[in-house]
Each structure stands twice: as C-alpha cells, then as structure tokens.
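A.B. asks: Sharing query_26.cif (mmCIF, C-alpha atoms) below.
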data_my_file
#
loop_
_atom_site.label_atom_id
_atom_site.label_comp_id
_atom_site.auth_asym_id
_atom_site.auth_seq_id
_atom_site.Cartn_x
_atom_site.Cartn_y
_atom_site.Cartn_z
CA MET I 1 14.65 -36.83 -18.61
CA LYS I 2 14.73 -33.27 -19.75
CA GLY I 3 14.76 -31.78 -23.24
CA TYR I 4 16.84 -28.68 -23.79
CA ILE I 5 16.19 -25.25 -25.24
CA HIS I 6 18.49 -24.11 -28.06
CA VAL I 7 18.76 -20.61 -29.51
CA TYR I 8 20.54 -19.92 -32.82
CA THR I 9 20.86 -16.19 -33.31
CA GLY I 10 23.23 -13.57 -34.77
CA ASN I 11 23.59 -11.82 -38.12
CA GLY I 12 25.41 -14.62 -39.97
CA LYS I 13 24.09 -17.22 -42.41
CA GLY I 14 23.33 -20.63 -40.90
CA LYS I 15 20.54 -20.29 -38.35
CA THR I 16 17.56 -21.80 -40.17
CA THR I 17 19.82 -24.33 -41.88
CA ALA I 18 21.24 -25.41 -38.50
CA ALA I 19 17.70 -25.99 -37.24
CA LEU I 20 16.93 -27.96 -40.40
CA GLY I 21 20.04 -30.07 -39.92
CA LEU I 22 19.03 -30.80 -36.34
CA ALA I 23 15.63 -31.90 -37.64
CA ILE I 24 17.28 -34.27 -40.13
CA ARG I 25 19.55 -35.68 -37.41
CA ALA I 26 16.60 -36.14 -35.04
CA VAL I 27 14.67 -38.09 -37.69
CA GLY I 28 17.68 -40.37 -38.22
CA ALA I 29 17.50 -41.22 -34.52
CA GLY I 30 13.82 -42.17 -34.83
CA LYS I 31 12.41 -38.88 -33.54
CA LYS I 32 9.42 -36.85 -34.74
CA VAL I 33 9.86 -33.16 -35.51
CA PHE I 34 7.50 -30.20 -35.76
CA PHE I 35 9.08 -27.34 -37.68
CA ALA I 36 7.21 -24.04 -37.39
CA GLN I 37 8.32 -21.18 -39.60
CA PHE I 38 7.35 -17.69 -38.55
CA VAL I 39 7.51 -14.57 -40.74
CA LYS I 40 9.18 -16.21 -43.72
CA GLY I 41 8.76 -13.93 -46.70
CA LYS I 42 9.51 -16.42 -49.45
CA SER I 43 8.77 -19.96 -50.42
CA TYR I 44 11.73 -21.90 -49.10
CA SER I 45 13.14 -24.87 -51.01
CA GLU I 46 13.60 -26.93 -47.83
CA ILE I 47 9.81 -27.24 -47.62
CA GLU I 48 9.87 -29.09 -50.95
CA THR I 49 12.42 -31.63 -49.70
CA VAL I 50 10.71 -32.16 -46.37
CA GLN I 51 7.22 -32.55 -47.82
CA LYS I 52 8.41 -34.81 -50.61
CA TYR I 53 10.62 -37.12 -48.58
CA ILE I 54 10.48 -36.90 -44.81
CA PRO I 55 7.16 -37.85 -43.21
CA GLU I 56 8.63 -37.55 -39.69
CA ILE I 57 8.97 -33.78 -40.10
CA THR I 58 5.81 -31.68 -40.12
CA MET I 59 6.56 -28.23 -41.44
CA LYS I 60 4.13 -25.35 -41.20
CA GLN I 61 4.35 -21.66 -42.04
CA TYR I 62 2.64 -18.98 -39.98
CA GLY I 63 2.41 -15.77 -41.96
CA LEU I 64 4.71 -14.03 -44.33
CA GLY I 65 7.31 -11.55 -43.27
CA CYS I 66 10.06 -9.29 -44.40
CA PHE I 67 9.22 -6.17 -42.42
CA ILE I 68 12.34 -4.25 -43.28
CA VAL I 69 10.41 -2.06 -45.70
CA ASN I 70 6.80 -2.52 -44.64
CA LYS I 71 5.50 -2.66 -41.12
CA PRO I 72 3.68 -5.82 -40.01
CA THR I 73 -0.03 -5.62 -40.79
CA GLU I 74 -2.89 -6.80 -38.58
CA LYS I 75 -2.96 -9.94 -40.73
CA ASP I 76 0.74 -10.66 -40.12
CA ILE I 77 0.26 -10.24 -36.39
CA ALA I 78 -2.78 -12.51 -36.37
CA ALA I 79 -0.95 -15.24 -38.34
CA ALA I 80 2.05 -15.19 -36.00
CA ARG I 81 -0.11 -15.23 -32.85
CA GLU I 82 -2.22 -18.06 -34.18
CA GLY I 83 1.02 -19.92 -34.95
CA LEU I 84 2.39 -19.41 -31.47
CA ALA I 85 -0.84 -20.68 -29.94
CA GLU I 86 -0.75 -23.77 -32.17
CA VAL I 87 2.91 -24.44 -31.36
CA ALA I 88 2.19 -24.05 -27.63
CA THR I 89 -0.47 -26.76 -27.90
CA ILE I 90 1.96 -29.00 -29.79
CA LEU I 91 4.70 -28.41 -27.20
CA ALA I 92 2.34 -29.27 -24.36
CA SER I 93 1.12 -32.42 -26.10
CA GLY I 94 4.51 -34.14 -26.21
CA LYS I 95 3.61 -35.59 -29.61
CA TYR I 96 6.85 -34.34 -31.13
CA ASP I 97 10.36 -35.00 -29.78
CA THR I 98 11.85 -31.87 -31.33
CA VAL I 99 9.98 -28.64 -32.00
CA VAL I 100 11.53 -25.84 -34.03
CA LEU I 101 10.31 -22.22 -33.86
CA ASP I 102 12.15 -20.83 -36.85
CA GLU I 103 12.47 -17.03 -36.83
CA ALA I 104 10.57 -16.71 -33.56
CA CYS I 105 13.22 -14.18 -32.43
CA ILE I 106 12.30 -12.01 -35.40
CA ALA I 107 8.62 -12.33 -34.57
CA VAL I 108 9.41 -10.98 -31.10
CA TYR I 109 11.65 -8.25 -32.52
CA TYR I 110 8.80 -7.03 -34.75
CA ARG I 111 6.36 -7.32 -31.81
CA LEU I 112 4.10 -9.90 -33.43
CA PHE I 113 4.10 -11.51 -29.99
CA THR I 114 6.03 -10.69 -26.83
CA VAL I 115 9.07 -12.51 -25.49
CA GLU I 116 7.01 -13.36 -22.40
CA GLU I 117 4.39 -15.06 -24.59
CA LEU I 118 7.13 -16.98 -26.41
CA ILE I 119 8.72 -18.11 -23.14
CA GLU I 120 5.34 -19.13 -21.74
CA ALA I 121 4.77 -21.32 -24.81
CA ILE I 122 8.22 -22.89 -24.50
CA LYS I 123 7.80 -23.52 -20.79
CA SER I 124 4.51 -25.32 -21.40
CA LYS I 125 6.43 -28.09 -23.18
CA LYS I 126 6.07 -31.67 -22.08
CA GLU I 127 9.43 -33.20 -21.17
CA PRO I 128 11.66 -34.33 -22.77
CA THR I 129 10.77 -32.18 -25.81
CA GLU I 130 13.81 -30.47 -27.35
CA VAL I 131 13.07 -26.91 -28.49
CA ILE I 132 15.00 -25.00 -31.13
CA ILE I 133 14.46 -21.25 -31.61
CA THR I 134 16.12 -19.27 -34.38
CA GLY I 135 16.36 -15.71 -35.63
CA ARG I 136 18.39 -12.54 -35.29
CA TYR I 137 18.12 -10.29 -32.28
CA ALA I 138 17.34 -12.97 -29.69
CA HIS I 139 15.87 -11.25 -26.65
CA LYS I 140 17.95 -11.29 -23.47
CA LYS I 141 15.11 -12.95 -21.57
CA LEU I 142 15.06 -15.79 -24.09
CA ILE I 143 18.84 -16.23 -23.83
CA ASP I 144 18.49 -16.36 -20.06
CA ILE I 145 16.11 -19.34 -20.15
CA ALA I 146 17.97 -21.17 -22.95
CA ASP I 147 20.33 -24.08 -22.25
CA LEU I 148 22.36 -23.63 -25.42
CA VAL I 149 22.95 -20.43 -27.37
CA THR I 150 25.04 -20.11 -30.52
CA GLU I 151 25.63 -16.74 -32.11
CA MET I 152 26.07 -17.06 -35.87
CA LYS I 153 28.42 -14.19 -36.48
CA GLU I 154 28.91 -12.82 -39.96
CA VAL I 155 32.64 -12.68 -40.65
CA LYS I 156 32.27 -12.28 -44.42
CA HIS I 157 29.22 -12.40 -46.68
CA TYR I 158 28.91 -12.45 -50.44
CA TYR I 159 25.95 -10.07 -50.22
CA ALA I 160 28.66 -7.42 -49.78
CA LEU I 161 29.85 -8.35 -53.29
CA GLY I 162 26.38 -7.65 -54.65
CA VAL I 163 25.34 -11.31 -54.85
CA GLU I 164 21.57 -11.63 -54.52
CA ALA I 165 19.75 -14.35 -52.58
CA ARG I 166 19.70 -17.54 -54.68
CA LYS I 167 17.15 -20.36 -54.82
CA GLY I 168 18.59 -23.53 -53.28
CA ILE I 169 21.17 -21.59 -51.27
CA GLU I 170 19.41 -18.79 -49.39
CA TYR I 171 15.80 -19.97 -49.84
CA MET F 172 27.77 -18.14 -63.37
CA LYS F 173 29.87 -18.69 -60.31
CA GLY F 174 29.34 -20.92 -57.28
CA TYR F 175 30.46 -19.58 -53.93
CA ILE F 176 32.66 -20.91 -51.15
CA HIS F 177 31.15 -20.96 -47.65
CA VAL F 178 32.98 -21.59 -44.39
CA TYR F 179 31.13 -22.38 -41.15
CA THR F 180 33.56 -22.34 -38.26
CA GLY F 181 33.79 -21.43 -34.56
CA ASN F 182 33.36 -23.27 -31.28
CA GLY F 183 29.56 -23.21 -31.16
CA LYS F 184 27.01 -25.87 -32.05
CA GLY F 185 25.49 -25.59 -35.54
CA LYS F 186 28.22 -26.02 -38.15
CA THR F 187 27.53 -29.51 -39.50
CA THR F 188 23.80 -29.02 -39.06
CA ALA F 189 23.96 -25.76 -41.08
CA ALA F 190 25.71 -27.65 -43.89
CA LEU F 191 23.05 -30.35 -43.70
CA GLY F 192 20.29 -27.77 -43.85
CA LEU F 193 21.91 -26.22 -46.93
CA ALA F 194 21.98 -29.69 -48.51
CA ILE F 195 18.25 -30.14 -47.81
CA ARG F 196 17.48 -26.71 -49.24
CA ALA F 197 19.57 -27.39 -52.34
CA VAL F 198 17.70 -30.64 -52.98
CA GLY F 199 14.39 -28.80 -52.71
CA ALA F 200 15.59 -26.55 -55.53
CA GLY F 201 16.38 -29.56 -57.74
CA LYS F 202 20.11 -29.67 -57.02
CA LYS F 203 22.40 -32.64 -56.42
CA VAL F 204 24.62 -32.69 -53.34
CA PHE F 205 27.79 -34.54 -52.38
CA PHE F 206 28.33 -34.50 -48.61
CA ALA F 207 31.81 -35.62 -47.54
CA GLN F 208 32.40 -36.12 -43.82
CA PHE F 209 35.99 -36.01 -42.61
CA VAL F 210 37.20 -37.24 -39.20
CA LYS F 211 33.79 -37.97 -37.75
CA GLY F 212 34.26 -40.12 -34.69
CA LYS F 213 30.76 -41.48 -34.36
CA SER F 214 27.96 -42.79 -36.45
CA TYR F 215 25.82 -39.76 -37.11
CA SER F 216 22.03 -40.05 -37.24
CA GLU F 217 21.79 -37.70 -40.23
CA ILE F 218 23.33 -40.44 -42.38
CA GLU F 219 20.32 -42.64 -41.62
CA THR F 220 17.87 -39.98 -42.79
CA VAL F 221 19.81 -39.11 -45.91
CA GLN F 222 20.39 -42.71 -46.98
CA LYS F 223 16.81 -43.71 -46.26
CA TYR F 224 15.05 -40.80 -47.89
CA ILE F 225 17.07 -38.45 -50.04
CA PRO F 226 18.60 -39.93 -53.19
CA GLU F 227 19.86 -36.51 -54.35
CA ILE F 228 22.36 -36.39 -51.48
CA THR F 229 25.36 -38.71 -51.62
CA MET F 230 26.99 -38.89 -48.21
CA LYS F 231 30.38 -40.47 -47.63
CA GLN F 232 32.65 -40.71 -44.60
CA TYR F 233 36.42 -40.57 -44.85
CA GLY F 234 38.02 -41.89 -41.71
CA LEU F 235 37.14 -41.66 -38.07
CA GLY F 236 38.38 -38.93 -35.83
CA CYS F 237 38.28 -37.46 -32.40
CA PHE F 238 41.95 -36.71 -31.88
CA ILE F 239 41.59 -34.84 -28.64
CA VAL F 240 42.97 -37.79 -26.70
CA ASN F 241 44.73 -39.86 -29.36
CA LYS F 242 46.90 -38.54 -32.13
CA PRO F 243 45.89 -39.32 -35.72
CA THR F 244 47.32 -42.63 -36.93
CA GLU F 245 48.75 -43.39 -40.36
CA LYS F 246 45.39 -44.94 -41.17
CA ASP F 247 43.49 -41.78 -40.23
CA ILE F 248 45.80 -39.70 -42.39
CA ALA F 249 45.47 -42.06 -45.35
CA ALA F 250 41.65 -42.06 -45.10
CA ALA F 251 41.46 -38.27 -45.01
CA ARG F 252 43.89 -37.83 -47.90
CA GLU F 253 42.07 -40.39 -49.99
CA GLY F 254 38.85 -38.54 -49.20
CA LEU F 255 40.28 -35.19 -50.26
CA ALA F 256 41.52 -36.68 -53.54
CA GLU F 257 38.07 -38.16 -54.21
CA VAL F 258 36.32 -34.90 -53.37
CA ALA F 259 38.71 -32.99 -55.65
CA THR F 260 37.72 -35.25 -58.54
CA ILE F 261 34.05 -34.75 -57.72
CA LEU F 262 34.51 -30.97 -57.55
CA ALA F 263 36.26 -30.91 -60.90
CA SER F 264 33.60 -33.09 -62.53
CA GLY F 265 30.74 -30.66 -61.97
CA LYS F 266 28.42 -33.61 -61.37
CA TYR F 267 27.17 -32.13 -58.11
CA ASP F 268 25.75 -28.63 -57.67
CA THR F 269 26.70 -28.39 -54.00
CA VAL F 270 29.67 -30.13 -52.38
CA VAL F 271 30.11 -30.20 -48.60
CA LEU F 272 33.48 -30.88 -46.93
CA ASP F 273 32.27 -31.40 -43.38
CA GLU F 274 35.02 -31.02 -40.74
CA ALA F 275 37.67 -30.30 -43.37
CA CYS F 276 38.92 -27.47 -41.10
CA ILE F 277 39.57 -30.04 -38.38
CA ALA F 278 41.39 -32.30 -40.84
CA VAL F 279 43.70 -29.37 -41.61
CA TYR F 280 44.07 -28.52 -37.92
CA TYR F 281 45.21 -32.08 -37.17
CA ARG F 282 47.47 -32.01 -40.25
CA LEU F 283 45.77 -34.85 -42.08
CA PHE F 284 46.21 -32.66 -45.13
CA THR F 285 47.45 -29.09 -45.54
CA VAL F 286 45.37 -25.98 -46.06
CA GLU F 287 47.10 -25.56 -49.42
CA GLU F 288 45.96 -29.03 -50.49
CA LEU F 289 42.42 -28.22 -49.37
CA ILE F 290 42.41 -24.91 -51.26
CA GLU F 291 43.81 -26.59 -54.38
CA ALA F 292 40.96 -29.11 -54.28
CA ILE F 293 38.37 -26.35 -53.84
CA LYS F 294 39.85 -24.26 -56.63
CA SER F 295 39.68 -27.20 -59.04
CA LYS F 296 35.88 -27.02 -58.88
CA LYS F 297 33.87 -26.70 -62.04
CA GLU F 298 31.63 -23.61 -61.97
CA PRO F 299 29.03 -23.02 -60.70
CA THR F 300 29.60 -25.60 -57.94
CA GLU F 301 28.77 -24.27 -54.47
CA VAL F 302 31.27 -25.45 -51.82
CA ILE F 303 30.58 -25.64 -48.10
CA ILE F 304 33.42 -26.23 -45.62
CA THR F 305 32.86 -26.72 -41.91
CA GLY F 306 34.85 -27.25 -38.74
CA ARG F 307 36.47 -25.38 -35.89
CA TYR F 308 39.75 -23.55 -36.30
CA ALA F 309 39.30 -22.51 -39.96
CA HIS F 310 42.74 -21.58 -41.30
CA LYS F 311 43.26 -17.91 -42.21
CA LYS F 312 44.18 -18.87 -45.78
CA LEU F 313 40.86 -20.67 -46.17
CA ILE F 314 38.96 -17.67 -44.79
CA ASP F 315 40.82 -15.46 -47.27
CA ILE F 316 39.60 -17.42 -50.30
CA ALA F 317 36.04 -17.92 -48.97
CA ASP F 318 33.13 -15.79 -50.16
CA LEU F 319 31.04 -16.31 -47.04
CA VAL F 320 32.26 -17.02 -43.52
CA THR F 321 30.07 -17.49 -40.46
CA GLU F 322 31.58 -17.98 -37.05
CA MET F 323 29.34 -20.11 -34.85
CA LYS F 324 30.16 -18.63 -31.48
CA GLU F 325 29.32 -20.50 -28.31
CA VAL F 326 27.43 -18.12 -26.04
CA LYS F 327 26.08 -20.83 -23.75
CA HIS F 328 26.29 -24.62 -23.95
CA TYR F 329 24.59 -27.32 -21.92
CA TYR F 330 27.81 -29.32 -21.89
CA ALA F 331 28.79 -26.88 -19.14
CA LEU F 332 25.87 -28.31 -17.12
CA GLY F 333 27.33 -31.81 -17.53
CA VAL F 334 24.94 -32.85 -20.31
CA GLU F 335 26.54 -35.49 -22.51
CA ALA F 336 26.23 -35.71 -26.29
CA ARG F 337 22.85 -37.24 -27.16
CA LYS F 338 21.79 -39.33 -30.14
CA GLY F 339 19.50 -37.37 -32.45
CA ILE F 340 20.75 -34.02 -31.13
CA GLU F 341 24.57 -34.04 -31.24
CA TYR F 342 25.04 -37.07 -33.46
#
How does the structure come out when it is put into structure tokens?

C.D. replies:
Amino acid sequence: MKGYIHVYTGNGKGKTTAALGLAIRAVGAGKKVFFAQFVKGKSYSEIETVQKYIPEITMKQYGLGCFIVNKPTEKDIAAAREGLAEVATILASGKYDTVVLDEACIAVYYRLFTVEELIEAIKSKKEPTEVIITGRYAHKKLIDIADLVTEMKEVKHYYALGVEARKGIEY
Amino acid sequence: MKGYIHVYTGNGKGKTTAALGLAIRAVGAGKKVFFAQFVKGKSYSEIETVQKYIPEITMKQYGLGCFIVNKPTEKDIAAAREGLAEVATILASGKYDTVVLDEACIAVYYRLFTVEELIEAIKSKKEPTEVIITGRYAHKKLIDIADLVTEMKEVKHYYALGVEARKGIEY
C-alpha cells in the first residue's frame, strides 16, 4: 500500500484549514497525525483545540514567520531547518499515518530550506504514510512529485473590505 | 460587529476539510460551532472525531446524497429542506458563533432547495454569526452575497491514477 502526497497551495483562504480538516478526518478513522507548522507568525487557535482534545494529533511549531516586512533571520532559518530534519525522521519512522507540513511551501519560497531538501524529506517516508504540504507559491518541482494538488484560488476576500485577521477565523 | 459569509467551492479536494479546520480553529478561540452536512452519501470519519472529542461542535446530517447516478428522491428533498429550515432557526438564534452549511451548494445544484431559499436562511442570521458554505457549483447569486469566496481548483488528483476514495482521507 502506498500513501499519497497532497499539496494545497494558491492565494485563497482554506489551505491550513483543509490540512486541519484532513487531520480530524484521519483521527476519526483511527489514524495518528503529526502536524508540523513552519513559519507561523501568530499563535493559532487550532493549537488550543488540538492540545486540549485530540491526543492522536501531535502539533509542533518550528519557528515564527511573516517575512513580508522583515527578512528571515539566522534564527528563523535554523528553526525551519531543525523542523525539517525532525519531520524527516518522523516520516521515515512510520509512526504517524498522516504527516502535515503546514506552510512548507512558504519556507521554501523564503529559502529557509530548498525544495530539493523538502522533497528528500518527503521521499524518505515509510509507506503508507500520507503527506500533506500547504502554503502559497508551491514550487513546480514539488507539484511534479505530488499525487494531488489543489489550488485555493481567491475569488473574493473580505480583506479587500478592510477586515483585519480575526481570532477564531484567520488564526 | 458583523460576521462574514464564506463560500468554498470548486472541483478540487479541500472544501469540507477547510470548513472543518475553521470549526476547529473557532473552538480554540472559545467559539461554538454548528456543522450541518447536506447530501453526504457516506459516513464521514470526521463525525467520529467531533462527537468523541469536541463538545463545542454540534454536527448534524440532513439526508444522504450522491445523485450522480440516481436522481434525488422525495425523501432526499424532504431531508434537505427540513435541514435548511432547522439551520435557519439556528442562524437566527445566535446560539452558535460559526455555522457551517457543508455541501449546501450541491443541495442547490440538485434542486433540493433553491438558492433564494438558501440566501434567505443565511440572511436571517443574528450578527455576528460567521457562516461557511461549501460545495461544488456555487450559484452566482450566492457568490454575489458572500464576503469571501475561495475556489478549490483541481490541479492534479490521484483519482486520475485510479485511486479510490479512502477512509480517513476522503471520508
């Protein structure tokens, strides 16, 4: 049996939440999930729910983010690289049925690690681990090796109306 | 304060899971969620997780579905309409901070209820309820009244490789 590689990318809302929903569905089917979050700039409410209620999901954050204004520092790069190494070990171990690399596409985009390093980590997975990768700007090489790719396309967004990110909705 | 109306549509994987992820995030921020599932043909694993672990999410199914082969029966129509009426009451009550109408776009597409009836239900909501609607083929009128619309676009899907829907991943 083979596990598949999913990529959720694009500029629309719904990428991290789709990965979260997949994690919840996997748990309902008796699976164990490792949910790695790269370059997340804020404390996300989903962590509260997962840590409070769902022992089958292990969630871990590797470094802060939000590099739109500030460039990644040495510390950011180190945190992301350490995270990728840890996730690679987890993928190879087969201890988790589903492994999420949330915002790994962004980590590649900001050159915290290379797409080749990301692909090497994914390819080290023990079958049948299912791998979910999210984030804008998915690299072509990642799309090439993925089995499923959804582009979350922004058709309309309330940010255009001046609505700011809200706790419990965006984070 | 105002709650917003989200629509997650398109032919790609990630619509229901995005709504689920939003529900998990909302709970982490102390919110209460009502998650209505229309025309779901199978028993979905996420129901197990939610019912087992997360008391802040009330999940309810209104009728089976999968009308690709068989046309909706009177019973299917009655279940969906009853569901919409119940959800309208819930929306108007303001008892839930976030209300999901999963696959409501499909219910409209198969004429279980009209887009006008769906919009009327949504518009009856007590502020600041956040409303999430999912499903392929979102009607233009629904997109017009929505504040946020993401199209989940299928770029690549393993169904094309002959992979069948798997428990814990697709349902």

A.B. asks: Could you make a table, as a tab-separated table, of the residues of chain I that have an atom within 6 Å of an atom of chain F, each with its nearest atom pair and distance in Å to one decimal, counting all atoms listed in the file, in chain and number order?

C.D. replies:
residue	atom	partner	partner_atom	distance
I:Gly12	CA	F:Thr321	CA	5.5
I:Gly14	CA	F:Ala189	CA	5.2
I:Thr17	CA	F:Gly192	CA	4.0
I:Ala18	CA	F:Ala189	CA	3.8
I:Leu20	CA	F:Gly192	CA	4.8
I:Gly21	CA	F:Thr188	CA	4.0
I:Leu22	CA	F:Thr188	CA	5.8
I:Ile24	CA	F:Glu217	CA	5.7
I:Arg25	CA	F:Glu217	CA	4.1
I:Ala26	CA	F:Gly339	CA	4.1
I:Gly28	CA	F:Ser216	CA	4.5
I:Ala29	CA	F:Gly339	CA	4.8
I:Ser45	CA	F:Gly199	CA	4.5
I:Glu46	CA	F:Arg196	CA	4.1
I:Glu48	CA	F:Gly199	CA	4.9
I:Thr49	CA	F:Gly199	CA	4.6
I:Tyr53	CA	F:Tyr224	CA	5.8
I:Asp147	CA	F:Tyr329	CA	5.4
I:Leu148	CA	F:His328	CA	4.3
I:Val149	CA	F:Lys327	CA	4.8
I:Thr150	CA	F:Glu325	CA	4.8
I:Glu151	CA	F:Lys324	CA	4.9
I:Met152	CA	F:Met323	CA	4.6
I:Lys153	CA	F:Glu322	CA	5.0
I:Glu154	CA	F:Thr321	CA	4.8
I:Val155	CA	F:Val320	CA	5.2
I:Lys156	CA	F:Val320	CA	4.8
I:His157	CA	F:Leu319	CA	4.3
I:Tyr158	CA	F:Asp318	CA	5.4
I:Gly168	CA	F:Ala197	CA	4.1

A.B. asks: One decimal, Å: what's the distance from atom CA of F:Glu335 over to atom CA of I:His139, could you say?

C.D. replies: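 Computed distance, atom CA of F:Glu335 to atom CA of I:His139, equals 26.8 Å.
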
A.B. asks: Given the point (32.9, -41.2, -44.4) in the file's coordinates, find the residues that have an atom at most 8 Å from it, counting only C-alpha atoms, and give them as a PyMOL selection string.

C.D. replies: chain F and resi 207-211+230-235

A.B. asks: Convert the current residue selection to file output with C-alpha atoms, as a PDB file, in the frame of the given file.

C.D. replies:
ATOM      1  CA  ALA F 207      31.810 -35.620 -47.540  1.00  0.00           C
ATOM      2  CA  GLN F 208      32.400 -36.120 -43.820  1.00  0.00           C
ATOM      3  CA  PHE F 209      35.990 -36.010 -42.610  1.00  0.00           C
ATOM      4  CA  VAL F 210      37.200 -37.240 -39.200  1.00  0.00           C
ATOM      5  CA  LYS F 211      33.790 -37.970 -37.750  1.00  0.00           C
ATOM      6  CA  MET F 230      26.990 -38.890 -48.210  1.00  0.00           C
ATOM      7  CA  LYS F 231      30.380 -40.470 -47.630  1.00  0.00           C
ATOM      8  CA  GLN F 232      32.650 -40.710 -44.600  1.00  0.00           C
ATOM      9  CA  TYR F 233      36.420 -40.570 -44.850  1.00  0.00           C
ATOM     10  CA  GLY F 234      38.020 -41.890 -41.710  1.00  0.00           C
ATOM     11  CA  LEU F 235      37.140 -41.660 -38.070  1.00  0.00           C
TER      12      LEU F 235
END

A.B. asks: Expand the PyMOL selection byres ((chain I and resi 115-124) around 8) into the individual residues it matches in the shown file, reporting them as number ranges by chain.

C.D. replies: I: 84-85, 87-88, 91-92, 104, 108, 113-114, 125-126, 131, 139, 141-142

A.B. asks: Any idea what the distance is between atom CA of I:Tyr109 and atom CA of I:Gly162?

C.D. replies: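 Value for the atom CA of I:Tyr109-atom CA of I:Gly162 distance: 26.6 Å.
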
A.B. asks: Quick one, how far is atom CA of I:Ile90 from atom CA of I:Lys32?

C.D. replies: 11.9 Å

A.B. asks: Set the distance at 12 Å and use all atoms listed in the file: which residues neighbour I:Lys71 once local chain neighbours fewer than 6 positions away are removed? I'd like the list as a PyMOL selection string.

C.D. replies: chain I and resi 64-65+77+109-112

A.B. asks: When you count all atoms listed in the file, which of these residues is closest to F:Ile277: F:Gly254, F:Gly306, F:Pro243, F:Gly174?

C.D. replies: F:Gly306

A.B. asks: Start from the incomplete input, build N, CA and C atoms for stretch 214-231 of chain F, and deliver everything as an mmCIF file, in the coordinates of the input.

C.D. replies:
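Writing done, so here's rebuild21.cif:
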data_model
loop_
_atom_site.group_PDB
_atom_site.id
_atom_site.type_symbol
_atom_site.label_atom_id
_atom_site.label_comp_id
_atom_site.auth_asym_id
_atom_site.auth_seq_id
_atom_site.Cartn_x
_atom_site.Cartn_y
_atom_site.Cartn_z
ATOM 1 N N SER F 214 28.946 -42.599 -35.405
ATOM 2 C CA SER F 214 27.960 -42.790 -36.450
ATOM 3 C C SER F 214 26.905 -41.707 -36.248
ATOM 4 N N TYR F 215 26.727 -40.886 -37.242
ATOM 5 C CA TYR F 215 25.820 -39.760 -37.110
ATOM 6 C C TYR F 215 24.427 -40.097 -37.644
ATOM 7 N N SER F 216 23.407 -39.708 -36.885
ATOM 8 C CA SER F 216 22.030 -40.050 -37.240
ATOM 9 C C SER F 216 21.614 -39.464 -38.583
ATOM 10 N N GLU F 217 22.199 -38.329 -38.966
ATOM 11 C CA GLU F 217 21.790 -37.700 -40.230
ATOM 12 C C GLU F 217 22.035 -38.630 -41.420
ATOM 13 N N ILE F 218 23.035 -39.495 -41.302
ATOM 14 C CA ILE F 218 23.330 -40.440 -42.380
ATOM 15 C C ILE F 218 22.130 -41.361 -42.621
ATOM 16 N N GLU F 219 21.507 -41.772 -41.521
ATOM 17 C CA GLU F 219 20.320 -42.640 -41.620
ATOM 18 C C GLU F 219 19.228 -41.948 -42.443
ATOM 19 N N THR F 220 18.941 -40.710 -42.094
ATOM 20 C CA THR F 220 17.870 -39.980 -42.790
ATOM 21 C C THR F 220 18.197 -39.818 -44.265
ATOM 22 N N VAL F 221 19.417 -39.396 -44.529
ATOM 23 C CA VAL F 221 19.810 -39.110 -45.910
ATOM 24 C C VAL F 221 19.776 -40.391 -46.746
ATOM 25 N N GLN F 222 20.343 -41.462 -46.204
ATOM 26 C CA GLN F 222 20.390 -42.710 -46.980
ATOM 27 C C GLN F 222 19.000 -43.318 -47.168
ATOM 28 N N LYS F 223 18.155 -43.131 -46.170
ATOM 29 C CA LYS F 223 16.810 -43.710 -46.260
ATOM 30 C C LYS F 223 15.935 -42.940 -47.246
ATOM 31 N N TYR F 224 16.057 -41.617 -47.222
ATOM 32 C CA TYR F 224 15.050 -40.800 -47.890
ATOM 33 C C TYR F 224 15.503 -39.965 -49.087
ATOM 34 N N ILE F 225 16.747 -39.540 -49.112
ATOM 35 C CA ILE F 225 17.070 -38.450 -50.040
ATOM 36 C C ILE F 225 18.121 -38.865 -51.065
ATOM 37 N N PRO F 226 17.671 -39.412 -52.190
ATOM 38 C CA PRO F 226 18.600 -39.930 -53.190
ATOM 39 C C PRO F 226 19.485 -38.851 -53.819
ATOM 40 N N GLU F 227 19.060 -37.596 -53.748
ATOM 41 C CA GLU F 227 19.860 -36.510 -54.350
ATOM 42 C C GLU F 227 21.074 -36.127 -53.522
ATOM 43 N N ILE F 228 21.168 -36.657 -52.300
ATOM 44 C CA ILE F 228 22.360 -36.390 -51.480
ATOM 45 C C ILE F 228 23.178 -37.667 -51.371
ATOM 46 N N THR F 229 24.435 -37.591 -51.803
ATOM 47 C CA THR F 229 25.360 -38.710 -51.620
ATOM 48 C C THR F 229 26.248 -38.345 -50.437
ATOM 49 N N MET F 230 26.221 -39.188 -49.408
ATOM 50 C CA MET F 230 26.990 -38.890 -48.210
ATOM 51 C C MET F 230 28.073 -39.955 -48.047
ATOM 52 N N LYS F 231 29.285 -39.518 -47.765
ATOM 53 C CA LYS F 231 30.380 -40.470 -47.630
ATOM 54 C C LYS F 231 31.315 -40.039 -46.504
#
